[in-house]
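A.B. asks: I'm passing along query-v5.pdb; it holds PDB, C-alpha atoms.
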ATOM      1  CA  MET A   1     220.294 151.915  55.182
ATOM      2  CA  GLU A   2     217.726 149.186  55.592
ATOM      3  CA  LYS A   3     217.303 145.554  54.680
ATOM      4  CA  LEU A   4     215.004 142.617  55.368
ATOM      5  CA  PHE A   5     216.365 139.464  56.956
ATOM      6  CA  ASN A   6     215.025 135.960  57.377
ATOM      7  CA  ARG A   7     213.587 135.280  60.780
ATOM      8  CA  GLU A   8     216.267 132.867  61.972
ATOM      9  CA  ILE A   9     219.474 132.912  64.014
ATOM     10  CA  ALA A  10     221.309 131.586  60.955
ATOM     11  CA  ALA A  11     220.628 134.953  59.293
ATOM     12  CA  LEU A  12     223.161 136.597  61.599
ATOM     13  CA  ASP A  13     225.947 136.239  59.040
ATOM     14  CA  ASP A  14     223.886 138.326  56.614
ATOM     15  CA  VAL A  15     222.990 140.754  59.392
ATOM     16  CA  PHE A  16     226.626 141.326  60.273
ATOM     17  CA  GLY A  17     227.498 141.776  56.610
ATOM     18  CA  PHE A  18     224.864 144.510  56.399
ATOM     19  CA  ILE A  19     226.185 146.163  59.557
ATOM     20  CA  ASP A  20     229.751 146.049  58.248
ATOM     21  CA  GLY A  21     228.628 147.901  55.148
ATOM     22  CA  PHE A  22     226.989 150.584  57.277
ATOM     23  CA  ILE A  23     230.059 150.915  59.483
ATOM     24  CA  GLU A  24     232.261 151.370  56.438
ATOM     25  CA  GLN A  25     229.950 153.812  54.687
ATOM     26  CA  PHE A  26     229.665 156.073  57.729
ATOM     27  CA  SER A  27     233.211 155.528  59.035
ATOM     28  CA  LEU A  28     232.067 154.655  62.527
ATOM     29  CA  ASP A  29     234.739 154.583  65.208
ATOM     30  CA  ALA A  30     235.589 151.270  66.863
ATOM     31  CA  ASP A  31     233.450 151.874  69.965
ATOM     32  CA  THR A  32     230.368 152.793  67.962
ATOM     33  CA  ALA A  33     230.935 149.943  65.529
ATOM     34  CA  PHE A  34     231.124 147.430  68.364
ATOM     35  CA  ALA A  35     227.983 148.806  69.996
ATOM     36  CA  THR A  36     226.107 148.714  66.679
ATOM     37  CA  ARG A  37     226.935 145.049  66.067
ATOM     38  CA  LEU A  38     226.010 144.010  69.585
ATOM     39  CA  VAL A  39     222.785 146.021  69.850
ATOM     40  CA  VAL A  40     221.536 144.794  66.480
ATOM     41  CA  GLU A  41     222.324 141.175  67.288
ATOM     42  CA  GLU A  42     220.672 141.312  70.702
ATOM     43  CA  LEU A  43     217.505 142.974  69.399
ATOM     44  CA  PHE A  44     217.320 140.749  66.313
ATOM     45  CA  THR A  45     217.749 137.473  68.188
ATOM     46  CA  ASN A  46     215.227 138.657  70.761
ATOM     47  CA  LEU A  47     212.613 139.182  68.040
ATOM     48  CA  VAL A  48     213.413 135.818  66.424
ATOM     49  CA  LYS A  49     213.013 133.984  69.734
ATOM     50  CA  HIS A  50     209.876 135.714  70.947
ATOM     51  CA  ASN A  51     207.847 135.817  67.760
ATOM     52  CA  GLN A  52     208.393 132.435  66.198
ATOM     53  CA  THR A  53     204.989 132.092  64.545
ATOM     54  CA  SER A  54     205.320 134.978  62.121
ATOM     55  CA  GLY A  55     206.348 134.041  58.598
ATOM     56  CA  GLU A  56     207.536 137.567  57.852
ATOM     57  CA  ARG A  57     211.095 138.775  57.598
ATOM     58  CA  ILE A  58     212.531 141.329  60.019
ATOM     59  CA  LEU A  59     213.505 144.796  58.848
ATOM     60  CA  ILE A  60     216.695 146.385  60.157
ATOM     61  CA  ARG A  61     217.266 150.080  59.568
ATOM     62  CA  LEU A  62     220.456 151.901  60.560
ATOM     63  CA  ALA A  63     220.928 155.657  60.430
ATOM     64  CA  ARG A  64     223.624 158.047  61.543
ATOM     65  CA  ASP A  65     223.609 161.796  61.821
ATOM     66  CA  PRO A  66     226.281 163.952  63.479
ATOM     67  CA  SER A  67     224.704 163.644  66.909
ATOM     68  CA  CYS A  68     223.337 160.129  67.109
ATOM     69  CA  LEU A  69     223.151 156.600  65.816
ATOM     70  CA  THR A  70     219.672 155.140  65.368
ATOM     71  CA  ILE A  71     219.071 151.390  65.210
ATOM     72  CA  MET A  72     215.540 150.332  64.312
ATOM     73  CA  LEU A  73     214.126 146.854  63.884
ATOM     74  CA  LYS A  74     210.613 146.268  62.616
ATOM     75  CA  ASP A  75     208.756 143.009  63.000
ATOM     76  CA  PHE A  76     205.568 142.127  61.137
ATOM     77  CA  ASP A  77     202.503 140.002  61.909
ATOM     78  CA  VAL A  78     203.476 139.573  65.539
ATOM     79  CA  ASP A  79     201.904 139.730  68.981
ATOM     80  CA  PRO A  80     202.758 142.570  71.386
ATOM     81  CA  PHE A  81     206.170 142.254  72.997
ATOM     82  CA  ASP A  82     208.323 144.658  74.991
ATOM     83  CA  ALA A  83     211.626 143.249  76.186
ATOM     84  CA  SER A  84     212.555 146.588  77.749
ATOM     85  CA  GLN A  85     209.969 145.886  80.468
ATOM     86  CA  ALA A  86     211.556 142.595  81.465
ATOM     87  CA  GLU A  87     212.580 142.119  85.069
ATOM     88  CA  PRO A  88     216.008 143.680  85.658
ATOM     89  CA  VAL A  89     218.973 141.335  85.814
ATOM     90  CA  ASP A  90     220.672 141.166  89.204
ATOM     91  CA  ILE A  91     224.253 141.574  88.063
ATOM     92  CA  ARG A  92     225.457 141.422  91.638
ATOM     93  CA  ALA A  93     224.059 137.952  92.302
ATOM     94  CA  PRO A  94     226.667 135.310  93.126
ATOM     95  CA  LEU A  95     227.376 132.482  90.699
ATOM     96  CA  ASP A  96     224.870 130.052  92.161
ATOM     97  CA  ARG A  97     222.046 132.590  91.843
ATOM     98  CA  ARG A  98     222.936 134.034  88.452
ATOM     99  CA  ARG A  99     220.341 133.220  85.790
ATOM    100  CA  ILE A 100     221.416 131.981  82.397
ATOM    101  CA  GLY A 101     219.993 134.303  79.782
ATOM    102  CA  HIS A 102     218.144 137.626  80.043
ATOM    103  CA  LEU A 103     221.400 139.511  79.609
ATOM    104  CA  GLY A 104     220.753 140.732  76.076
ATOM    105  CA  ILE A 105     218.441 143.652  76.803
ATOM    106  CA  HIS A 106     220.436 144.522  79.921
ATOM    107  CA  ILE A 107     223.548 144.870  77.757
ATOM    108  CA  VAL A 108     221.651 146.881  75.122
ATOM    109  CA  LYS A 109     220.488 149.318  77.792
ATOM    110  CA  GLY A 110     224.091 149.679  78.882
ATOM    111  CA  LEU A 111     225.202 150.602  75.368
ATOM    112  CA  VAL A 112     222.478 152.978  74.152
ATOM    113  CA  ASP A 113     220.791 156.071  75.500
ATOM    114  CA  THR A 114     217.196 155.211  74.721
ATOM    115  CA  LEU A 115     215.361 151.986  73.895
ATOM    116  CA  THR A 116     211.694 152.006  72.932
ATOM    117  CA  TYR A 117     209.199 149.377  71.805
ATOM    118  CA  GLN A 118     206.136 150.491  69.835
ATOM    119  CA  TYR A 119     203.394 148.049  68.869
ATOM    120  CA  THR A 120     200.740 148.913  66.305
ATOM    121  CA  LYS A 121     197.746 146.713  66.990
ATOM    122  CA  GLU A 122     195.931 147.306  63.701
ATOM    123  CA  GLU A 123     198.968 146.342  61.631
ATOM    124  CA  ARG A 124     200.351 143.829  64.127
ATOM    125  CA  THR A 125     203.786 145.404  63.750
ATOM    126  CA  LEU A 126     206.429 145.944  66.383
ATOM    127  CA  CYS A 127     209.075 148.635  66.090
ATOM    128  CA  VAL A 128     212.137 148.613  68.359
ATOM    129  CA  THR A 129     214.285 151.737  68.310
ATOM    130  CA  ALA A 130     217.631 152.192  70.032
ATOM    131  CA  VAL A 131     219.387 155.543  69.951
ATOM    132  CA  LYS A 132     222.987 156.125  70.934
ATOM    133  CA  ASN A 133     224.185 159.692  71.329
ATOM    134  CA  LEU A 134     227.499 160.006  69.600
ATOM    135  CA  GLU A 135     228.708 162.932  71.671
ATOM    136  CA  ALA A 136     228.962 160.711  74.745
ATOM    137  CA  LYS A 137     231.533 158.091  73.783
ATOM    138  CA  ASP A 138     231.552 156.282  77.106
ATOM    139  CA  VAL A 139     229.901 152.911  77.385
ATOM    140  CA  ARG A 140     227.120 153.492  79.910
ATOM    141  CA  HIS A 141     226.036 151.056  82.523
ATOM    142  CA  GLN A 142     223.044 150.725  84.784
ATOM    143  CA  THR A 143     223.494 150.993  88.509
TER
ATOM    144  CA  MET B 144     233.631 133.256  61.568
ATOM    145  CA  PHE B 145     234.097 131.553  64.920
ATOM    146  CA  ASP B 146     236.403 128.853  66.149
ATOM    147  CA  ILE B 147     236.976 127.311  69.546
ATOM    148  CA  LYS B 148     239.727 124.772  70.152
ATOM    149  CA  HIS B 149     242.056 123.339  72.714
ATOM    150  CA  ASP B 150     245.515 124.858  72.770
ATOM    151  CA  SER B 151     246.596 122.506  75.540
ATOM    152  CA  ALA B 152     244.946 120.313  78.130
ATOM    153  CA  HIS B 153     243.830 123.297  80.212
ATOM    154  CA  ARG B 154     243.765 126.136  77.695
ATOM    155  CA  VAL B 155     241.106 126.869  75.114
ATOM    156  CA  LEU B 156     241.351 129.445  72.345
ATOM    157  CA  LEU B 157     238.318 131.434  71.192
ATOM    158  CA  ILE B 158     238.653 133.040  67.784
ATOM    159  CA  GLY B 159     236.515 135.390  65.757
ATOM    160  CA  ARG B 160     232.903 136.295  66.480
ATOM    161  CA  PHE B 161     231.038 134.440  69.240
ATOM    162  CA  ASP B 162     227.430 135.273  68.377
ATOM    163  CA  ALA B 163     224.107 133.491  68.899
ATOM    164  CA  ALA B 164     224.669 131.240  65.880
ATOM    165  CA  GLN B 165     227.790 129.779  67.486
ATOM    166  CA  THR B 166     226.459 128.614  70.830
ATOM    167  CA  GLU B 167     226.173 124.939  69.933
ATOM    168  CA  THR B 168     229.721 124.860  68.602
ATOM    169  CA  ALA B 169     231.023 126.412  71.806
ATOM    170  CA  ARG B 170     228.819 124.316  74.060
ATOM    171  CA  GLU B 171     230.049 121.128  72.420
ATOM    172  CA  LEU B 172     233.661 121.851  73.298
ATOM    173  CA  LEU B 173     233.083 123.494  76.668
ATOM    174  CA  SER B 174     230.998 120.552  77.842
ATOM    175  CA  THR B 175     234.145 118.403  77.694
ATOM    176  CA  ILE B 176     235.932 120.610  80.232
ATOM    177  CA  GLU B 177     235.803 119.039  83.657
ATOM    178  CA  GLU B 178     238.512 120.898  85.517
ATOM    179  CA  SER B 179     239.716 124.493  85.852
ATOM    180  CA  CYS B 180     240.667 125.886  82.498
ATOM    181  CA  THR B 181     241.948 129.081  80.886
ATOM    182  CA  LEU B 182     240.005 130.631  78.032
ATOM    183  CA  ASP B 183     242.238 132.744  75.826
ATOM    184  CA  PHE B 184     240.334 135.597  74.143
ATOM    185  CA  ALA B 185     243.317 136.987  72.221
ATOM    186  CA  GLY B 186     241.773 136.039  68.896
ATOM    187  CA  LEU B 187     238.175 136.857  69.807
ATOM    188  CA  ASP B 188     236.808 140.057  68.292
ATOM    189  CA  TYR B 189     233.281 139.934  69.637
ATOM    190  CA  ILE B 190     230.947 138.169  72.048
ATOM    191  CA  SER B 191     227.224 138.661  72.596
ATOM    192  CA  SER B 192     224.910 137.667  75.422
ATOM    193  CA  ALA B 193     224.432 134.259  73.830
ATOM    194  CA  GLY B 194     228.147 133.595  74.221
ATOM    195  CA  LEU B 195     228.137 134.942  77.744
ATOM    196  CA  GLY B 196     225.333 132.555  78.572
ATOM    197  CA  VAL B 197     227.322 129.547  77.399
ATOM    198  CA  LEU B 198     230.337 130.631  79.441
ATOM    199  CA  LEU B 199     228.177 131.284  82.496
ATOM    200  CA  ALA B 200     226.578 127.849  82.256
ATOM    201  CA  THR B 201     230.039 126.297  82.036
ATOM    202  CA  GLN B 202     231.219 128.286  85.026
ATOM    203  CA  LYS B 203     228.202 127.185  87.040
ATOM    204  CA  ARG B 204     228.849 123.540  86.219
ATOM    205  CA  LEU B 205     232.540 123.744  87.020
ATOM    206  CA  GLY B 206     231.916 125.813  90.128
ATOM    207  CA  GLY B 207     229.773 123.055  91.529
ATOM    208  CA  ALA B 208     232.819 120.798  91.439
ATOM    209  CA  GLY B 209     235.213 123.359  92.873
ATOM    210  CA  HIS B 210     236.696 124.376  89.535
ATOM    211  CA  GLY B 211     236.408 127.471  87.350
ATOM    212  CA  LEU B 212     237.318 129.328  84.199
ATOM    213  CA  THR B 213     240.019 131.985  83.975
ATOM    214  CA  LEU B 214     239.628 134.401  81.088
ATOM    215  CA  VAL B 215     242.719 136.025  79.615
ATOM    216  CA  ASN B 216     243.562 138.524  76.873
ATOM    217  CA  LEU B 217     240.142 140.137  76.576
ATOM    218  CA  ASN B 218     240.053 143.171  74.289
ATOM    219  CA  PRO B 219     238.673 146.391  75.822
ATOM    220  CA  HIS B 220     235.213 146.014  74.259
ATOM    221  CA  THR B 221     234.809 142.437  75.444
ATOM    222  CA  ARG B 222     236.056 143.382  78.882
ATOM    223  CA  ASP B 223     233.456 146.145  79.003
ATOM    224  CA  ILE B 224     230.635 143.773  78.107
ATOM    225  CA  PHE B 225     231.628 141.442  80.921
ATOM    226  CA  ARG B 226     231.558 144.445  83.250
ATOM    227  CA  ILE B 227     228.138 145.619  82.083
ATOM    228  CA  ALA B 228     226.798 142.103  82.575
ATOM    229  CA  GLY B 229     228.348 141.859  86.030
ATOM    230  CA  LEU B 230     230.313 138.821  84.914
ATOM    231  CA  ASP B 231     233.631 140.368  85.887
ATOM    232  CA  MET B 232     232.622 139.301  89.402
ATOM    233  CA  ILE B 233     231.829 135.755  88.307
ATOM    234  CA  PHE B 234     234.928 134.894  86.300
ATOM    235  CA  THR B 235     238.609 135.384  87.048
ATOM    236  CA  ILE B 236     239.669 137.824  84.349
ATOM    237  CA  GLU B 237     243.368 138.550  83.817
TER
END
Can you present the structure in this file as structure tokens?
C.D. replies:
Amino acid sequence: MEKLFNREIAALDDVFGFIDGFIEQFSLDADTAFATRLVVEELFTNLVKHNQTSGERILIRLARDPSCLTIMLKDFDVDPFDASQAEPVDIRAPLDRRRIGHLGIHIVKGLVDTLTYQYTKEERTLCVTAVKNLEAKDVRHQT
Amino acid sequence: MFDIKHDSAHRVLLIGRFDAAQTETARELLSTIEESCTLDFAGLDYISSAGLGVLLATQKRLGGAGHGLTLVNLNPHTRDIFRIAGLDMIFTIE
């Protein structure tokens, strides 16, 4: 299933409606459903915030086969961007040294098995793909 | 749908889906908290990093004055997200 969404945080209601339809169609269990909602939101809002000059909508594509869930977002007419290369969050830092923000990709990495960013220079398109193996039901975390 | 409201002087209820579109709504109420307070998550289905950021900012502000937030009734998914983010060490979670 895929759909285009306006490049704005206010589009999240529509995004979640789309995700709910996917969850229902493929009868995802509660853990996978929760991970899908969170991963899509984090990746979508990341693209909205970091590519504000593009006038294009963002494509979200969700797919499920027996072994894995694939979440793909495609952004058009944008500059290169790879949030997966951001400096790791120090989750052990005490309150006074904890940074506000930068948790989104950290959480995504804790919920999926692979996260890749691919930029096509000629087309100025960015494709973010997150894959969650469905055989491993545990929520993973980085050490 | 998201709602945040006082249940009593020192207890706040969070209800629904706390996503990035709801941060201003949450920030508006949480900015009025000046002492230690309990946040009741019993009605909250979902929270993303945007919501965590608002709570963390509140905790930082209150912590500077010797106060803090206690989070109660988190569902297992929400509790897991706090753990992944390392925020289970920052908040009192019951």
A.B. asks: Counting only C-alpha atoms, which residues of chain B sit at most 12 Å from some atom of chain A, and what is each one's closest atom pair with its distance in Å to one decimal, listed by chain and rising residue number, as JSON lines?
C.D. replies:
{"residue": "B:Met144", "atom": "CA", "partner": "A:Asp13", "partner_atom": "CA", "distance": 8.6}
{"residue": "B:Phe145", "atom": "CA", "partner": "A:Asp13", "partner_atom": "CA", "distance": 11.1}
{"residue": "B:Arg160", "atom": "CA", "partner": "A:Phe16", "partner_atom": "CA", "distance": 10.2}
{"residue": "B:Phe161", "atom": "CA", "partner": "A:Leu38", "partner_atom": "CA", "distance": 10.8}
{"residue": "B:Asp162", "atom": "CA", "partner": "A:Glu41", "partner_atom": "CA", "distance": 7.9}
{"residue": "B:Ala163", "atom": "CA", "partner": "A:Ile9", "partner_atom": "CA", "distance": 6.8}
{"residue": "B:Ala164", "atom": "CA", "partner": "A:Ile9", "partner_atom": "CA", "distance": 5.8}
{"residue": "B:Gln165", "atom": "CA", "partner": "A:Ala10", "partner_atom": "CA", "distance": 9.4}
{"residue": "B:Thr166", "atom": "CA", "partner": "A:Ile9", "partner_atom": "CA", "distance": 10.7}
{"residue": "B:Glu167", "atom": "CA", "partner": "A:Ile9", "partner_atom": "CA", "distance": 12.0}
{"residue": "B:Asp188", "atom": "CA", "partner": "A:Phe34", "partner_atom": "CA", "distance": 9.3}
{"residue": "B:Tyr189", "atom": "CA", "partner": "A:Phe34", "partner_atom": "CA", "distance": 7.9}
{"residue": "B:Ile190", "atom": "CA", "partner": "A:Leu38", "partner_atom": "CA", "distance": 8.0}
{"residue": "B:Ser191", "atom": "CA", "partner": "A:Leu38", "partner_atom": "CA", "distance": 6.3}
{"residue": "B:Ser192", "atom": "CA", "partner": "A:Gly104", "partner_atom": "CA", "distance": 5.2}
{"residue": "B:Ala193", "atom": "CA", "partner": "A:Gly101", "partner_atom": "CA", "distance": 7.4}
{"residue": "B:Gly194", "atom": "CA", "partner": "A:Gly101", "partner_atom": "CA", "distance": 9.9}
{"residue": "B:Leu195", "atom": "CA", "partner": "A:Leu103", "partner_atom": "CA", "distance": 8.4}
{"residue": "B:Gly196", "atom": "CA", "partner": "A:Ile100", "partner_atom": "CA", "distance": 5.5}
{"residue": "B:Val197", "atom": "CA", "partner": "A:Ile100", "partner_atom": "CA", "distance": 8.1}
{"residue": "B:Leu198", "atom": "CA", "partner": "A:Ile100", "partner_atom": "CA", "distance": 9.5}
{"residue": "B:Leu199", "atom": "CA", "partner": "A:Ile100", "partner_atom": "CA", "distance": 6.8}
{"residue": "B:Ala200", "atom": "CA", "partner": "A:Ile100", "partner_atom": "CA", "distance": 6.6}
{"residue": "B:Thr201", "atom": "CA", "partner": "A:Ile100", "partner_atom": "CA", "distance": 10.3}
{"residue": "B:Gln202", "atom": "CA", "partner": "A:Leu95", "partner_atom": "CA", "distance": 8.0}
{"residue": "B:Lys203", "atom": "CA", "partner": "A:Leu95", "partner_atom": "CA", "distance": 6.5}
{"residue": "B:Arg204", "atom": "CA", "partner": "A:Asp96", "partner_atom": "CA", "distance": 9.7}
{"residue": "B:Leu205", "atom": "CA", "partner": "A:Leu95", "partner_atom": "CA", "distance": 10.8}
{"residue": "B:Gly206", "atom": "CA", "partner": "A:Leu95", "partner_atom": "CA", "distance": 8.1}
{"residue": "B:Gly207", "atom": "CA", "partner": "A:Asp96", "partner_atom": "CA", "distance": 8.6}
{"residue": "B:Gly211", "atom": "CA", "partner": "A:Leu95", "partner_atom": "CA", "distance": 10.9}
{"residue": "B:Asn218", "atom": "CA", "partner": "A:Phe34", "partner_atom": "CA", "distance": 11.5}
{"residue": "B:Pro219", "atom": "CA", "partner": "A:Asp31", "partner_atom": "CA", "distance": 9.6}
{"residue": "B:His220", "atom": "CA", "partner": "A:Phe34", "partner_atom": "CA", "distance": 7.3}
{"residue": "B:Thr221", "atom": "CA", "partner": "A:Phe34", "partner_atom": "CA", "distance": 9.4}
{"residue": "B:Arg222", "atom": "CA", "partner": "A:Val139", "partner_atom": "CA", "distance": 11.4}
{"residue": "B:Asp223", "atom": "CA", "partner": "A:Val139", "partner_atom": "CA", "distance": 7.8}
{"residue": "B:Ile224", "atom": "CA", "partner": "A:Ile107", "partner_atom": "CA", "distance": 7.2}
{"residue": "B:Phe225", "atom": "CA", "partner": "A:Ile107", "partner_atom": "CA", "distance": 9.3}
{"residue": "B:Arg226", "atom": "CA", "partner": "A:His141", "partner_atom": "CA", "distance": 8.6}
{"residue": "B:Ile227", "atom": "CA", "partner": "A:His141", "partner_atom": "CA", "distance": 5.8}
{"residue": "B:Ala228", "atom": "CA", "partner": "A:Ile91", "partner_atom": "CA", "distance": 6.1}
{"residue": "B:Gly229", "atom": "CA", "partner": "A:Ile91", "partner_atom": "CA", "distance": 4.6}
{"residue": "B:Leu230", "atom": "CA", "partner": "A:Ile91", "partner_atom": "CA", "distance": 7.4}
{"residue": "B:Asp231", "atom": "CA", "partner": "A:Ile91", "partner_atom": "CA", "distance": 9.7}
{"residue": "B:Met232", "atom": "CA", "partner": "A:Arg92", "partner_atom": "CA", "distance": 7.8}
{"residue": "B:Ile233", "atom": "CA", "partner": "A:Leu95", "partner_atom": "CA", "distance": 6.0}
{"residue": "B:Phe234", "atom": "CA", "partner": "A:Leu95", "partner_atom": "CA", "distance": 9.1}
A.B. asks: With the PyMOL selection byres ((chain A and resi 67-77) around 6) as the selection, what would be picked from this file? Answer as a ChimeraX atom specification, please.
C.D. replies: /A:54,56,58-66,78,124-134
A.B. asks: So, with only C-alpha atoms as the atoms that count, which of A:His50, A:Val40, A:Met1, A:Pro80 lies closest to Thr120 (chain A)?
C.D. replies: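 Looking at the shortest contact to Thr120 (chain A), the residue is A:Pro80.
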A.B. asks: The PyMOL selection byres ((chain B and resi 152) around 12) - which residues does that actually catch in the file I just gave you? List them as a list in words.
C.D. replies: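 So the PyMOL selection byres ((chain B and resi 152) around 12), applied here, picks out Lys148, His149, Asp150, Ser151, His153, Arg154, Val155, Leu156, Thr175, Ile176, Glu177, Glu178, Ser179, Cys180, Thr181 and Leu182 of chain B.
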A.B. asks: CA of Asp82 (chain A) and CA of Arg57 (chain A), how far apart in Å?
C.D. replies: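 These two atoms are separated by 18.6 Å.
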A.B. asks: Mind giving me the straight-line distance from CA of Leu157 (chain B) to CA of Ala185 (chain B) in Å, one decimal?
C.D. replies: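 Those two atoms sit 7.5 Å apart.
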A.B. asks: Residues at most 10 Å from Ile23 (chain A), counting all atoms listed in the file, excluding those fewer than 2 positions away in the same chain, as a list in words?
C.D. replies: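 Non-adjacent residues within range: Gly17, Phe18, Ile19, Asp20, Gly21, Gln25, Phe26, Ser27, Leu28, Asp29, Ala30, Thr32, Ala33, Phe34, Thr36, Arg37, Leu62 and Arg64 of chain A.
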A.B. asks: Give me the box for region 37-52 of chain A as AutoDock Vina command-line options, namely the centre and edge lengths in Å to one decimal of a box along x, y and z that holds every listed atom plus 5 Å on each side.
C.D. replies:
--center_x 217.4 --center_y 139.2 --center_z 68.5 --size_x 29.1 --size_y 23.6 --size_z 14.9
A.B. asks: As an mmCIF file, in the frame of the given file, could you write out region 91-103 of chain A once it has been completed with N, CA, C and O atoms?
C.D. replies:
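Full text of rebuild_7.cif as output:
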data_model
loop_
_atom_site.group_PDB
_atom_site.id
_atom_site.type_symbol
_atom_site.label_atom_id
_atom_site.label_comp_id
_atom_site.auth_asym_id
_atom_site.auth_seq_id
_atom_site.Cartn_x
_atom_site.Cartn_y
_atom_site.Cartn_z
ATOM 1 N N ILE A 91 222.875 141.841 88.474
ATOM 2 C CA ILE A 91 224.253 141.574 88.063
ATOM 3 C C ILE A 91 225.187 141.410 89.255
ATOM 4 O O ILE A 91 226.363 141.115 89.097
ATOM 5 N N ARG A 92 224.631 141.595 90.448
ATOM 6 C CA ARG A 92 225.457 141.422 91.638
ATOM 7 C C ARG A 92 225.249 140.058 92.291
ATOM 8 O O ARG A 92 225.892 139.746 93.297
ATOM 9 N N ALA A 93 224.343 139.266 91.720
ATOM 10 C CA ALA A 93 224.059 137.952 92.302
ATOM 11 C C ALA A 93 225.295 137.059 92.193
ATOM 12 O O ALA A 93 226.010 137.103 91.195
ATOM 13 N N PRO A 94 225.536 136.229 93.202
ATOM 14 C CA PRO A 94 226.667 135.310 93.126
ATOM 15 C C PRO A 94 226.416 134.226 92.084
ATOM 16 O O PRO A 94 225.300 134.072 91.602
ATOM 17 N N LEU A 95 227.430 133.465 91.777
ATOM 18 C CA LEU A 95 227.376 132.482 90.699
ATOM 19 C C LEU A 95 226.189 131.541 90.830
ATOM 20 O O LEU A 95 225.463 131.300 89.861
ATOM 21 N N ASP A 96 225.923 131.051 92.027
ATOM 22 C CA ASP A 96 224.870 130.052 92.161
ATOM 23 C C ASP A 96 223.480 130.642 91.977
ATOM 24 O O ASP A 96 222.510 129.904 91.765
ATOM 25 N N ARG A 97 223.361 131.967 92.048
ATOM 26 C CA ARG A 97 222.046 132.590 91.843
ATOM 27 C C ARG A 97 221.946 133.363 90.534
ATOM 28 O O ARG A 97 220.921 133.973 90.249
ATOM 29 N N ARG A 98 222.999 133.350 89.728
ATOM 30 C CA ARG A 98 222.936 134.034 88.452
ATOM 31 C C ARG A 98 222.107 133.220 87.468
ATOM 32 O O ARG A 98 222.284 132.008 87.335
ATOM 33 N N ARG A 99 221.174 133.889 86.780
ATOM 34 C CA ARG A 99 220.341 133.220 85.790
ATOM 35 C C ARG A 99 221.063 133.179 84.453
ATOM 36 O O ARG A 99 221.732 134.136 84.072
ATOM 37 N N ILE A 100 220.894 132.067 83.757
ATOM 38 C CA ILE A 100 221.416 131.981 82.397
ATOM 39 C C ILE A 100 220.422 132.719 81.514
ATOM 40 O O ILE A 100 219.223 132.495 81.596
ATOM 41 N N GLY A 101 220.896 133.577 80.657
ATOM 42 C CA GLY A 101 219.993 134.303 79.782
ATOM 43 C C GLY A 101 219.551 135.626 80.380
ATOM 44 O O GLY A 101 219.954 136.009 81.470
ATOM 45 N N HIS A 102 218.710 136.328 79.649
ATOM 46 C CA HIS A 102 218.144 137.626 80.043
ATOM 47 C C HIS A 102 219.182 138.734 80.125
ATOM 48 O O HIS A 102 218.905 139.800 80.660
ATOM 49 N N LEU A 103 220.362 138.477 79.581
ATOM 50 C CA LEU A 103 221.400 139.511 79.609
ATOM 51 C C LEU A 103 221.345 140.424 78.398
ATOM 52 O O LEU A 103 221.890 141.522 78.436
#
